[in-house]
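Engineer: As input, take data.cif (mmCIF, C-alpha atoms):
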data_protein
loop_
_atom_site.label_atom_id
_atom_site.label_comp_id
_atom_site.auth_asym_id
_atom_site.auth_seq_id
_atom_site.Cartn_x
_atom_site.Cartn_y
_atom_site.Cartn_z
CA MET Z 30 -20.34 8.80 -3.90
CA ARG Z 31 -19.63 9.68 -0.27
CA THR Z 32 -16.29 8.06 0.56
CA LEU Z 33 -14.93 7.72 4.09
CA VAL Z 34 -11.13 7.32 3.99
CA THR Z 35 -8.87 6.41 6.89
CA GLY Z 36 -5.22 7.37 6.50
CA SER Z 37 -6.16 10.18 4.11
CA ASN Z 38 -3.07 12.18 5.10
CA GLY Z 39 -0.66 9.28 4.61
CA THR Z 40 1.66 8.51 1.72
CA VAL Z 41 -0.92 6.59 -0.31
CA GLY Z 42 -3.86 8.46 1.19
CA LYS Z 43 -2.96 11.87 -0.21
CA ALA Z 44 -2.56 10.57 -3.75
CA PHE Z 45 -5.71 8.46 -3.47
CA VAL Z 46 -7.85 11.32 -2.14
CA GLN Z 47 -6.68 13.50 -5.02
CA ALA Z 48 -7.64 10.79 -7.50
CA LEU Z 49 -11.04 10.33 -5.87
CA ARG Z 50 -11.84 14.03 -5.94
CA SER Z 51 -10.73 14.26 -9.56
CA GLY Z 52 -13.22 11.49 -10.27
CA GLY Z 53 -16.07 13.37 -8.62
CA TYR Z 54 -16.15 11.48 -5.33
CA GLU Z 55 -17.02 13.27 -2.10
CA VAL Z 56 -14.20 12.47 0.33
CA ILE Z 57 -14.33 12.54 4.11
CA GLY Z 58 -11.01 11.96 5.86
CA TRP Z 59 -11.28 10.00 9.08
CA ASP Z 60 -10.76 12.19 12.16
CA ARG Z 61 -9.00 10.04 14.78
CA ALA Z 62 -9.54 12.72 17.43
CA ALA Z 63 -13.29 12.53 16.94
CA ALA Z 64 -13.36 8.74 16.62
CA PRO Z 65 -10.30 6.96 18.07
CA PRO Z 66 -9.79 3.56 16.40
CA SER Z 67 -9.62 1.91 19.82
CA ASP Z 68 -13.10 3.15 20.75
CA ALA Z 69 -15.51 0.78 19.01
CA HIS Z 70 -18.57 2.81 20.00
CA ALA Z 71 -17.06 6.04 18.64
CA VAL Z 72 -16.02 4.29 15.42
CA LYS Z 73 -19.55 3.03 14.84
CA SER Z 74 -21.17 6.38 15.66
CA TYR Z 75 -18.76 8.26 13.41
CA THR Z 76 -19.38 5.89 10.52
CA LEU Z 77 -23.15 5.99 10.83
CA GLN Z 78 -23.05 9.78 11.16
CA HIS Z 79 -21.37 10.19 7.77
CA LYS Z 80 -23.49 7.58 5.95
CA PRO Z 81 -20.76 6.52 3.52
CA ASP Z 82 -21.31 4.77 0.22
CA ILE Z 83 -17.67 3.63 0.32
CA ILE Z 84 -15.25 2.99 3.19
CA VAL Z 85 -11.55 2.85 2.36
CA HIS Z 86 -9.17 1.76 5.08
CA LEU Z 87 -5.59 2.88 4.39
CA ALA Z 88 -4.51 3.84 7.91
CA VAL Z 89 -1.60 2.20 9.70
CA PRO Z 90 -0.31 2.63 13.29
CA SER Z 91 2.37 5.09 12.14
CA VAL Z 92 2.18 7.43 15.13
CA PRO Z 93 2.41 5.54 18.45
CA THR Z 94 -0.15 6.61 21.06
CA GLY Z 95 0.87 4.23 23.85
CA LEU Z 96 -2.09 1.87 23.49
CA GLU Z 97 -1.44 -1.71 24.49
CA ASP Z 98 -1.16 -3.98 21.43
CA GLU Z 99 -1.60 -0.89 19.29
CA GLY Z 100 -0.42 -2.54 16.08
CA ALA Z 101 -2.99 -5.32 16.29
CA ARG Z 102 -5.76 -2.97 17.43
CA ILE Z 103 -5.24 -0.63 14.47
CA THR Z 104 -4.27 -3.16 11.81
CA ILE Z 105 -6.66 -5.98 12.75
CA ASP Z 106 -9.44 -4.89 15.10
CA TRP Z 107 -10.24 -1.55 13.45
CA SER Z 108 -10.06 -3.11 9.99
CA VAL Z 109 -12.55 -5.82 10.92
CA GLN Z 110 -14.96 -3.42 12.60
CA LEU Z 111 -14.98 -1.22 9.50
CA ALA Z 112 -15.61 -4.30 7.35
CA GLU Z 113 -18.58 -5.19 9.54
CA LEU Z 114 -19.91 -1.62 9.48
CA ALA Z 115 -19.59 -1.44 5.71
CA LYS Z 116 -21.68 -4.59 5.45
CA GLU Z 117 -24.23 -3.18 7.91
CA VAL Z 118 -24.72 0.07 6.00
CA GLY Z 119 -24.39 -1.44 2.53
CA ALA Z 120 -21.17 0.38 1.68
CA CYS Z 121 -18.31 -0.84 -0.50
CA TYR Z 122 -15.26 -1.65 1.62
CA LEU Z 123 -11.66 -1.49 0.44
CA PHE Z 124 -8.88 -2.60 2.77
CA ALA Z 125 -5.27 -1.81 1.83
CA SER Z 126 -2.85 -4.61 2.61
CA THR Z 127 0.79 -5.17 1.72
CA ALA Z 128 3.25 -7.38 -0.12
CA MET Z 129 4.77 -7.97 3.31
CA VAL Z 130 2.13 -10.63 4.05
CA PHE Z 131 4.65 -12.85 2.24
CA SER Z 132 7.88 -13.50 4.14
CA ASN Z 133 11.32 -12.91 2.65
CA SER Z 134 11.80 -16.68 2.43
CA ALA Z 135 8.65 -17.30 0.40
CA PRO Z 136 9.21 -18.09 -3.30
CA GLY Z 137 7.79 -15.30 -5.45
CA PRO Z 138 6.36 -13.93 -7.60
CA PHE Z 139 3.03 -14.03 -5.82
CA ARG Z 140 -0.50 -14.40 -7.15
CA VAL Z 141 -3.76 -13.74 -5.35
CA THR Z 142 -4.24 -17.48 -4.87
CA ASP Z 143 -0.99 -17.80 -2.89
CA ALA Z 144 -1.48 -18.05 0.87
CA PRO Z 145 0.44 -15.47 2.95
CA ASP Z 146 3.08 -17.06 5.16
CA GLU Z 147 4.30 -14.13 7.28
CA GLU Z 148 3.34 -14.60 10.93
CA ASP Z 149 5.26 -11.82 12.69
CA GLY Z 150 5.42 -8.05 12.73
CA TYR Z 151 3.49 -5.71 10.46
CA GLY Z 152 3.20 -8.24 7.64
CA GLY Z 153 1.88 -10.88 10.01
CA GLU Z 154 -0.73 -8.50 11.38
CA LYS Z 155 -1.82 -7.55 7.88
CA ALA Z 156 -2.13 -11.23 6.94
CA LYS Z 157 -4.36 -11.84 9.97
CA ALA Z 158 -6.38 -8.75 9.12
CA GLU Z 159 -6.94 -9.93 5.54
CA ARG Z 160 -8.38 -13.23 6.72
CA ALA Z 161 -10.56 -11.60 9.36
CA VAL Z 162 -11.82 -8.87 7.02
CA LEU Z 163 -12.89 -11.35 4.34
CA ALA Z 164 -14.50 -13.59 6.96
CA ALA Z 165 -16.50 -10.63 8.27
CA ASN Z 166 -17.45 -9.23 4.86
CA GLN Z 167 -17.22 -11.43 1.78
CA ASP Z 168 -17.76 -8.39 -0.46
CA ALA Z 169 -14.69 -6.62 0.91
CA VAL Z 170 -11.92 -5.74 -1.54
CA VAL Z 171 -8.40 -6.39 -0.24
CA ALA Z 172 -5.72 -4.60 -2.26
CA ARG Z 173 -2.13 -5.64 -1.61
CA LEU Z 174 0.36 -2.86 -2.31
CA GLY Z 175 4.12 -2.80 -2.78
CA TRP Z 176 6.72 -0.10 -2.08
CA GLN Z 177 5.46 3.27 -3.21
CA ILE Z 178 7.48 5.60 -5.44
CA GLY Z 179 6.85 9.29 -4.85
CA ASP Z 180 8.34 12.33 -6.54
CA ARG Z 181 10.23 13.67 -3.53
CA ALA Z 182 11.56 12.80 -0.10
CA GLY Z 183 9.57 13.52 3.03
CA SER Z 184 7.24 10.55 3.34
CA ASN Z 185 7.36 6.77 3.45
CA ASN Z 186 8.34 6.15 -0.19
CA MET Z 187 11.29 4.93 -2.27
CA ILE Z 188 12.64 8.43 -2.99
CA GLU Z 189 12.82 9.07 0.75
CA PHE Z 190 14.85 5.87 1.17
CA LEU Z 191 17.25 6.80 -1.62
CA THR Z 192 17.65 10.33 -0.29
CA ARG Z 193 18.27 9.14 3.26
CA SER Z 194 20.84 6.61 2.04
CA MET Z 195 22.73 9.37 0.23
CA ILE Z 196 22.75 11.50 3.37
CA GLU Z 197 23.88 8.69 5.63
CA LYS Z 198 26.30 6.81 3.35
CA GLU Z 199 26.76 8.99 0.24
CA CYS Z 200 25.58 6.05 -1.84
CA VAL Z 201 22.68 3.63 -2.22
CA ASP Z 202 23.35 -0.10 -1.85
CA ALA Z 203 21.01 -1.87 -4.27
CA SER Z 204 20.62 -5.55 -5.01
CA THR Z 205 20.50 -6.81 -8.58
CA LYS Z 206 18.76 -9.93 -7.25
CA TRP Z 207 15.78 -8.24 -5.60
CA MET Z 208 12.66 -7.61 -7.68
CA PRO Z 209 10.46 -5.48 -5.43
CA ALA Z 210 6.74 -5.02 -5.67
CA CYS Z 211 6.44 -1.29 -6.30
CA SER Z 212 4.53 1.39 -8.16
CA PHE Z 213 4.32 5.15 -8.50
CA LEU Z 214 1.84 6.73 -6.12
CA GLU Z 215 -0.29 8.19 -8.89
CA ASP Z 216 -0.62 4.78 -10.52
CA THR Z 217 -1.42 3.09 -7.21
CA ALA Z 218 -4.18 5.65 -6.61
CA SER Z 219 -5.68 5.03 -10.06
CA ALA Z 220 -5.60 1.28 -9.53
CA LEU Z 221 -7.29 1.62 -6.14
CA CYS Z 222 -10.05 3.68 -7.73
CA TRP Z 223 -10.55 0.83 -10.22
CA CYS Z 224 -10.71 -1.64 -7.33
CA LEU Z 225 -13.72 0.19 -5.88
CA ASP Z 226 -15.88 -1.15 -8.71
CA GLN Z 227 -14.71 -4.75 -8.41
CA PRO Z 228 -16.29 -7.74 -6.64
CA GLY Z 229 -14.98 -8.79 -3.26
CA GLY Z 230 -11.67 -10.59 -2.98
CA ILE Z 231 -7.93 -10.02 -3.14
CA TYR Z 232 -6.21 -7.84 -5.75
CA HIS Z 233 -2.53 -7.15 -6.38
CA VAL Z 234 -1.41 -3.60 -7.22
CA ASP Z 235 2.14 -3.69 -8.60
CA SER Z 236 3.83 -2.04 -11.59
CA ASN Z 237 6.85 -4.36 -11.63
CA SER Z 238 5.41 -7.44 -13.33
CA ALA Z 239 8.32 -7.29 -15.81
CA GLY Z 240 10.75 -8.03 -12.97
CA HIS Z 241 13.09 -5.04 -12.85
CA SER Z 242 15.67 -5.31 -10.08
CA PHE Z 243 15.90 -2.78 -7.29
CA ALA Z 244 19.33 -1.78 -8.61
CA ASP Z 245 17.91 -0.97 -12.04
CA ILE Z 246 14.90 0.83 -10.59
CA ALA Z 247 17.16 2.93 -8.36
CA LYS Z 248 19.44 3.77 -11.30
CA ALA Z 249 16.48 4.73 -13.47
CA LEU Z 250 15.12 6.92 -10.69
CA SER Z 251 18.53 8.57 -10.41
CA VAL Z 252 18.37 9.40 -14.13
CA LEU Z 253 14.85 10.77 -13.68
CA HIS Z 254 16.05 12.94 -10.79
CA ASP Z 255 19.10 14.40 -12.55
CA HIS Z 256 21.54 11.72 -11.43
CA THR Z 257 20.97 12.53 -7.77
CA PHE Z 258 21.67 9.04 -6.42
CA ALA Z 259 24.94 7.09 -6.51
CA ILE Z 260 23.89 3.44 -6.88
CA VAL Z 261 26.25 0.68 -5.74
CA GLU Z 262 25.15 -2.72 -6.99
CA ASN Z 263 25.35 -5.89 -4.91
CA GLU Z 264 23.72 -9.32 -4.67
CA ASP Z 265 23.09 -9.24 -0.94
CA PHE Z 266 19.31 -9.69 -1.10
CA VAL Z 267 17.84 -12.36 -3.37
CA TYR Z 268 14.05 -12.11 -3.48
CA ASP Z 269 11.26 -11.99 -6.04
CA GLN Z 270 8.55 -9.98 -4.29
CA ARG Z 271 6.40 -9.20 -7.34
CA LEU Z 272 2.62 -9.17 -6.93
CA LEU Z 273 1.11 -10.51 -10.15
CA ASP Z 274 -2.49 -9.81 -11.12
CA GLU Z 275 -3.35 -9.39 -14.80
CA ARG Z 276 -6.80 -8.03 -13.94
CA VAL Z 277 -5.57 -4.79 -12.39
CA PRO Z 278 -4.93 -1.94 -14.86
CA ILE Z 279 -1.74 -0.17 -13.81
CA LYS Z 280 1.12 1.45 -15.71
CA ALA Z 281 4.27 -0.63 -15.97
CA LEU Z 282 7.46 0.83 -14.53
CA ALA Z 283 8.88 1.10 -18.05
CA GLU Z 284 6.15 3.63 -18.84
CA ARG Z 285 7.51 5.85 -16.08
CA LEU Z 286 11.24 5.11 -16.10
CA ASP Z 287 13.80 5.00 -18.92
CA PHE Z 288 15.60 1.74 -18.29
CA ASP Z 289 17.47 2.10 -21.60
CA ALA Z 290 19.23 5.17 -20.19
CA ILE Z 291 20.88 3.39 -17.26
CA ASP Z 292 24.44 2.07 -17.26
#
When written as structure tokens, how does the structure in this file appear?

Structural biologist:
Amino acid sequence: MRTLVTGSNGTVGKAFVQALRSGGYEVIGWDRAAAPPSDAHAVKSYTLQHKPDIIVHLAVPSVPTGLEDEGARITIDWSVQLAELAKEVGACYLFASTAMVFSNSAPGPFRVTDAPDEEDGYGGEKAKAERAVLAANQDAVVARLGWQIGDRAGSNNMIEFLTRSMIEKECVDASTKWMPACSFLEDTASALCWCLDQPGGIYHVDSNSAGHSFADIAKALSVLHDHTFAIVENEDFVYDQRLLDERVPIKALAERLDFDAID
């Protein structure tokens, strides 16, 4: 299956591309220099040129280029155009969204039937994109993701956050009242591969259905990484962000982390 992937060099993209290739997919990473997202004609020509069976849209406006309304143009406009092109060429379309479509004041945990309430910032743009993508292509698969857990610092993942906190403060402040949506990158990638064979609609990709707190996750990660992180517990952030979806096969955090080993 010829798979066109935007954001293939990103945090999720690298793990996902590896999973696709392991599964025998032919992967083409989107070249923004050849087809800038803001150039609708170039986007269409580039897509038709590669004749994809699958289009996966993971890209985010992570590197500012100075475009006006860049966030909306990348997150909403490009997403919708790709949804329309996928429908035109008969390709499967997977759009990666985020748990941030739900505001910090919304009562979680969240199911796919819950309406996003975030209106501002990145989460608000993703919420608008979800609605527009599904309106443009009813067969589109929208996969909401939580915070990703990598195996090292250096990209936008939880280990980077913990490492940076240790550098800046020599400790990690972690709430016992926050249950984040999160999963290991490898497990996210596997779940996204599963999503490619599913009917259109919204799916939740989250390994924390059991409701582990951020404090416990951070402590378990510290154990996994040779007690690298000094975790300081607090109750400053009270929020159940979990994304529940029993359909999606994904490893639970307890299969990756030894919660029995934490203090």

Engineer: So which residues touch Leu282 in chain Z within 7 Å, counting all atoms listed in the file, skipping near sequence neighbours fewer than 2 positions away, as a PyMOL selection string?

Structural biologist: chain Z and resi 236-237+280+284-286

Engineer: For the selection you just gave me, I'd like the residues written to a file as a compact mmCIF listing (two decimals), in the frame of the given file, keeping C-alpha atoms.

Structural biologist:
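The resulting file, part.txt, is reproduced below:
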# COMPACT_ATOMS: atom_id res chain seq x y z
CA SER Z 236 3.83 -2.04 -11.59
CA ASN Z 237 6.85 -4.36 -11.63
CA LYS Z 280 1.12 1.45 -15.71
CA GLU Z 284 6.15 3.63 -18.84
CA ARG Z 285 7.51 5.85 -16.08
CA LEU Z 286 11.24 5.11 -16.10

Engineer: Any idea what's packed within 6 Å of Leu33 in chain Z, counting all atoms listed in the file, ignoring anything in its chain fewer than 4 positions away? Could you give it as an MDAnalysis selection string?

Structural biologist: chainID Z and resid 57 81 84

Engineer: Emit as AutoDock Vina command-line options the padded axis-aligned box for all listed atoms of range 181-191 of chain Z, 8 Å per side, with centre and edge lengths in Å to one decimal.

Structural biologist:
--center_x 12.2 --center_y 9.3 --center_z 0.0 --size_x 26.0 --size_y 24.7 --size_z 23.0

Engineer: For each of Z:Val46, Z:Ala144, Z:Val252, Z:Ala281, take the minimum atom-to-atom distance to Asp216 in chain Z, counting all atoms listed in the file, then give the residue where this is smallest.

Structural biologist: Z:Ala281

Engineer: Would you kindly return, as a ChimeraX atom specification, each protein, DNA or RNA residue with an atom no farther than 7 Å from any atom of Trp176 in chain Z, considering only C-alpha atoms and excluding same-chain residues fewer than 3 positions away?

Structural biologist: /Z:186-187,210-212

Engineer: Take the residues that were just selected and, keeping C-alpha atoms, output them as a PDB file, in the coordinates of the input.

Structural biologist:
ATOM      1  CA  ASN Z 186       8.340   6.150  -0.190  1.00  0.00           C
ATOM      2  CA  MET Z 187      11.290   4.930  -2.270  1.00  0.00           C
ATOM      3  CA  ALA Z 210       6.740  -5.020  -5.670  1.00  0.00           C
ATOM      4  CA  CYS Z 211       6.440  -1.290  -6.300  1.00  0.00           C
ATOM      5  CA  SER Z 212       4.530   1.390  -8.160  1.00  0.00           C
TER       6      SER Z 212
END

Engineer: Can you list what the PyMOL selection byres ((chain Z and resi 165) around 12) grabs from this structure, as a PDB file with C-alpha atoms, keeping the file's coordinate frame?

Structural biologist:
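Result went into selection24.pdb, see below:
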ATOM      1  CA  ILE Z 105      -6.660  -5.980  12.750  1.00  0.00           C
ATOM      2  CA  ASP Z 106      -9.440  -4.890  15.100  1.00  0.00           C
ATOM      3  CA  SER Z 108     -10.060  -3.110   9.990  1.00  0.00           C
ATOM      4  CA  VAL Z 109     -12.550  -5.820  10.920  1.00  0.00           C
ATOM      5  CA  GLN Z 110     -14.960  -3.420  12.600  1.00  0.00           C
ATOM      6  CA  LEU Z 111     -14.980  -1.220   9.500  1.00  0.00           C
ATOM      7  CA  ALA Z 112     -15.610  -4.300   7.350  1.00  0.00           C
ATOM      8  CA  GLU Z 113     -18.580  -5.190   9.540  1.00  0.00           C
ATOM      9  CA  LEU Z 114     -19.910  -1.620   9.480  1.00  0.00           C
ATOM     10  CA  ALA Z 115     -19.590  -1.440   5.710  1.00  0.00           C
ATOM     11  CA  LYS Z 116     -21.680  -4.590   5.450  1.00  0.00           C
ATOM     12  CA  GLU Z 117     -24.230  -3.180   7.910  1.00  0.00           C
ATOM     13  CA  TYR Z 122     -15.260  -1.650   1.620  1.00  0.00           C
ATOM     14  CA  ALA Z 158      -6.380  -8.750   9.120  1.00  0.00           C
ATOM     15  CA  GLU Z 159      -6.940  -9.930   5.540  1.00  0.00           C
ATOM     16  CA  ARG Z 160      -8.380 -13.230   6.720  1.00  0.00           C
ATOM     17  CA  ALA Z 161     -10.560 -11.600   9.360  1.00  0.00           C
ATOM     18  CA  VAL Z 162     -11.820  -8.870   7.020  1.00  0.00           C
ATOM     19  CA  LEU Z 163     -12.890 -11.350   4.340  1.00  0.00           C
ATOM     20  CA  ALA Z 164     -14.500 -13.590   6.960  1.00  0.00           C
ATOM     21  CA  ASN Z 166     -17.450  -9.230   4.860  1.00  0.00           C
ATOM     22  CA  GLN Z 167     -17.220 -11.430   1.780  1.00  0.00           C
ATOM     23  CA  ASP Z 168     -17.760  -8.390  -0.460  1.00  0.00           C
ATOM     24  CA  ALA Z 169     -14.690  -6.620   0.910  1.00  0.00           C
ATOM     25  CA  VAL Z 170     -11.920  -5.740  -1.540  1.00  0.00           C
ATOM     26  CA  GLY Z 229     -14.980  -8.790  -3.260  1.00  0.00           C
TER      27      GLY Z 229
END

Engineer: Between CA of Cys222 in chain Z and CA of Ala71 in chain Z, what is the distance in Å, rounded to a tenth?

Structural biologist: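 The value is 27.4 Å.
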
Engineer: Could all heavy atoms be built for range 43-54 of chain Z and written out as a PDB file, in the frame of the given file?

Structural biologist:
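Saved result, part.pdb, follows:
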ATOM      1  N   LYS Z  43      -2.906  10.573   0.468  1.00  0.00           N
ATOM      2  CA  LYS Z  43      -2.960  11.870  -0.210  1.00  0.00           C
ATOM      3  C   LYS Z  43      -3.160  11.720  -1.706  1.00  0.00           C
ATOM      4  O   LYS Z  43      -3.967  12.426  -2.319  1.00  0.00           O
ATOM      5  CB  LYS Z  43      -1.678  12.656   0.086  1.00  0.00           C
ATOM      6  CG  LYS Z  43      -1.558  13.143   1.529  1.00  0.00           C
ATOM      7  CD  LYS Z  43      -0.234  13.866   1.744  1.00  0.00           C
ATOM      8  CE  LYS Z  43      -0.109  14.333   3.186  1.00  0.00           C
ATOM      9  NZ  LYS Z  43       1.184  15.005   3.451  1.00  0.00           N
ATOM     10  N   ALA Z  44      -2.426  10.790  -2.318  1.00  0.00           N
ATOM     11  CA  ALA Z  44      -2.560  10.570  -3.750  1.00  0.00           C
ATOM     12  C   ALA Z  44      -3.940   9.995  -4.082  1.00  0.00           C
ATOM     13  O   ALA Z  44      -4.564  10.365  -5.085  1.00  0.00           O
ATOM     14  CB  ALA Z  44      -1.464   9.626  -4.240  1.00  0.00           C
ATOM     15  N   PHE Z  45      -4.422   9.104  -3.230  1.00  0.00           N
ATOM     16  CA  PHE Z  45      -5.710   8.460  -3.470  1.00  0.00           C
ATOM     17  C   PHE Z  45      -6.856   9.460  -3.343  1.00  0.00           C
ATOM     18  O   PHE Z  45      -7.777   9.480  -4.170  1.00  0.00           O
ATOM     19  CB  PHE Z  45      -5.888   7.312  -2.484  1.00  0.00           C
ATOM     20  CG  PHE Z  45      -7.159   6.539  -2.661  1.00  0.00           C
ATOM     21  CD1 PHE Z  45      -7.488   5.968  -3.874  1.00  0.00           C
ATOM     22  CD2 PHE Z  45      -8.038   6.379  -1.599  1.00  0.00           C
ATOM     23  CE1 PHE Z  45      -8.667   5.241  -4.041  1.00  0.00           C
ATOM     24  CE2 PHE Z  45      -9.214   5.657  -1.750  1.00  0.00           C
ATOM     25  CZ  PHE Z  45      -9.526   5.091  -2.974  1.00  0.00           C
ATOM     26  N   VAL Z  46      -6.807  10.302  -2.320  1.00  0.00           N
ATOM     27  CA  VAL Z  46      -7.850  11.320  -2.140  1.00  0.00           C
ATOM     28  C   VAL Z  46      -7.900  12.257  -3.336  1.00  0.00           C
ATOM     29  O   VAL Z  46      -8.978  12.625  -3.828  1.00  0.00           O
ATOM     30  CB  VAL Z  46      -7.620  12.100  -0.824  1.00  0.00           C
ATOM     31  CG1 VAL Z  46      -8.472  13.368  -0.792  1.00  0.00           C
ATOM     32  CG2 VAL Z  46      -7.937  11.221   0.378  1.00  0.00           C
ATOM     33  N   GLN Z  47      -6.721  12.633  -3.838  1.00  0.00           N
ATOM     34  CA  GLN Z  47      -6.680  13.500  -5.020  1.00  0.00           C
ATOM     35  C   GLN Z  47      -7.331  12.819  -6.215  1.00  0.00           C
ATOM     36  O   GLN Z  47      -8.091  13.444  -6.965  1.00  0.00           O
ATOM     37  CB  GLN Z  47      -5.234  13.863  -5.346  1.00  0.00           C
ATOM     38  CG  GLN Z  47      -5.093  14.807  -6.530  1.00  0.00           C
ATOM     39  CD  GLN Z  47      -3.644  15.211  -6.777  1.00  0.00           C
ATOM     40  OE1 GLN Z  47      -2.759  14.942  -5.974  1.00  0.00           O
ATOM     41  NE2 GLN Z  47      -3.405  15.867  -7.897  1.00  0.00           N
ATOM     42  N   ALA Z  48      -7.049  11.530  -6.390  1.00  0.00           N
ATOM     43  CA  ALA Z  48      -7.640  10.790  -7.500  1.00  0.00           C
ATOM     44  C   ALA Z  48      -9.160  10.675  -7.339  1.00  0.00           C
ATOM     45  O   ALA Z  48      -9.911  10.806  -8.318  1.00  0.00           O
ATOM     46  CB  ALA Z  48      -7.011   9.407  -7.597  1.00  0.00           C
ATOM     47  N   LEU Z  49      -9.602  10.427  -6.120  1.00  0.00           N
ATOM     48  CA  LEU Z  49     -11.040  10.330  -5.870  1.00  0.00           C
ATOM     49  C   LEU Z  49     -11.745  11.644  -6.197  1.00  0.00           C
ATOM     50  O   LEU Z  49     -12.779  11.656  -6.885  1.00  0.00           O
ATOM     51  CB  LEU Z  49     -11.295   9.967  -4.409  1.00  0.00           C
ATOM     52  CG  LEU Z  49     -11.038   8.520  -3.978  1.00  0.00           C
ATOM     53  CD1 LEU Z  49     -11.175   8.404  -2.466  1.00  0.00           C
ATOM     54  CD2 LEU Z  49     -11.976   7.554  -4.676  1.00  0.00           C
ATOM     55  N   ARG Z  50     -11.198  12.735  -5.715  1.00  0.00           N
ATOM     56  CA  ARG Z  50     -11.840  14.030  -5.940  1.00  0.00           C
ATOM     57  C   ARG Z  50     -11.837  14.398  -7.420  1.00  0.00           C
ATOM     58  O   ARG Z  50     -12.800  14.983  -7.924  1.00  0.00           O
ATOM     59  CB  ARG Z  50     -11.148  15.102  -5.094  1.00  0.00           C
ATOM     60  CG  ARG Z  50     -11.502  14.968  -3.608  1.00  0.00           C
ATOM     61  CD  ARG Z  50     -10.810  15.967  -2.730  1.00  0.00           C
ATOM     62  NE  ARG Z  50     -11.349  15.893  -1.361  1.00  0.00           N
ATOM     63  CZ  ARG Z  50     -10.662  16.190  -0.267  1.00  0.00           C
ATOM     64  NH1 ARG Z  50      -9.396  16.597  -0.370  1.00  0.00           N
ATOM     65  NH2 ARG Z  50     -11.227  16.094   0.914  1.00  0.00           N
ATOM     66  N   SER Z  51     -10.769  14.018  -8.122  1.00  0.00           N
ATOM     67  CA  SER Z  51     -10.730  14.260  -9.560  1.00  0.00           C
ATOM     68  C   SER Z  51     -11.807  13.461 -10.280  1.00  0.00           C
ATOM     69  O   SER Z  51     -12.297  13.866 -11.338  1.00  0.00           O
ATOM     70  CB  SER Z  51      -9.356  13.887 -10.130  1.00  0.00           C
ATOM     71  OG  SER Z  51      -8.342  14.722  -9.596  1.00  0.00           O
ATOM     72  N   GLY Z  52     -12.181  12.330  -9.692  1.00  0.00           N
ATOM     73  CA  GLY Z  52     -13.220  11.490 -10.270  1.00  0.00           C
ATOM     74  C   GLY Z  52     -14.628  11.843  -9.817  1.00  0.00           C
ATOM     75  O   GLY Z  52     -15.586  11.142 -10.149  1.00  0.00           O
ATOM     76  N   GLY Z  53     -14.752  12.905  -9.044  1.00  0.00           N
ATOM     77  CA  GLY Z  53     -16.070  13.370  -8.620  1.00  0.00           C
ATOM     78  C   GLY Z  53     -16.591  12.780  -7.333  1.00  0.00           C
ATOM     79  O   GLY Z  53     -17.754  12.991  -6.970  1.00  0.00           O
ATOM     80  N   TYR Z  54     -15.734  12.047  -6.609  1.00  0.00           N
ATOM     81  CA  TYR Z  54     -16.150  11.480  -5.330  1.00  0.00           C
ATOM     82  C   TYR Z  54     -16.145  12.565  -4.242  1.00  0.00           C
ATOM     83  O   TYR Z  54     -15.283  13.456  -4.247  1.00  0.00           O
ATOM     84  CB  TYR Z  54     -15.198  10.373  -4.891  1.00  0.00           C
ATOM     85  CG  TYR Z  54     -15.245   9.118  -5.717  1.00  0.00           C
ATOM     86  CD1 TYR Z  54     -14.603   9.042  -6.954  1.00  0.00           C
ATOM     87  CD2 TYR Z  54     -15.915   7.981  -5.265  1.00  0.00           C
ATOM     88  CE1 TYR Z  54     -14.628   7.874  -7.713  1.00  0.00           C
ATOM     89  CE2 TYR Z  54     -15.931   6.809  -6.008  1.00  0.00           C
ATOM     90  CZ  TYR Z  54     -15.292   6.769  -7.234  1.00  0.00           C
ATOM     91  OH  TYR Z  54     -15.317   5.619  -7.985  1.00  0.00           O
TER      92      TYR Z  54
END
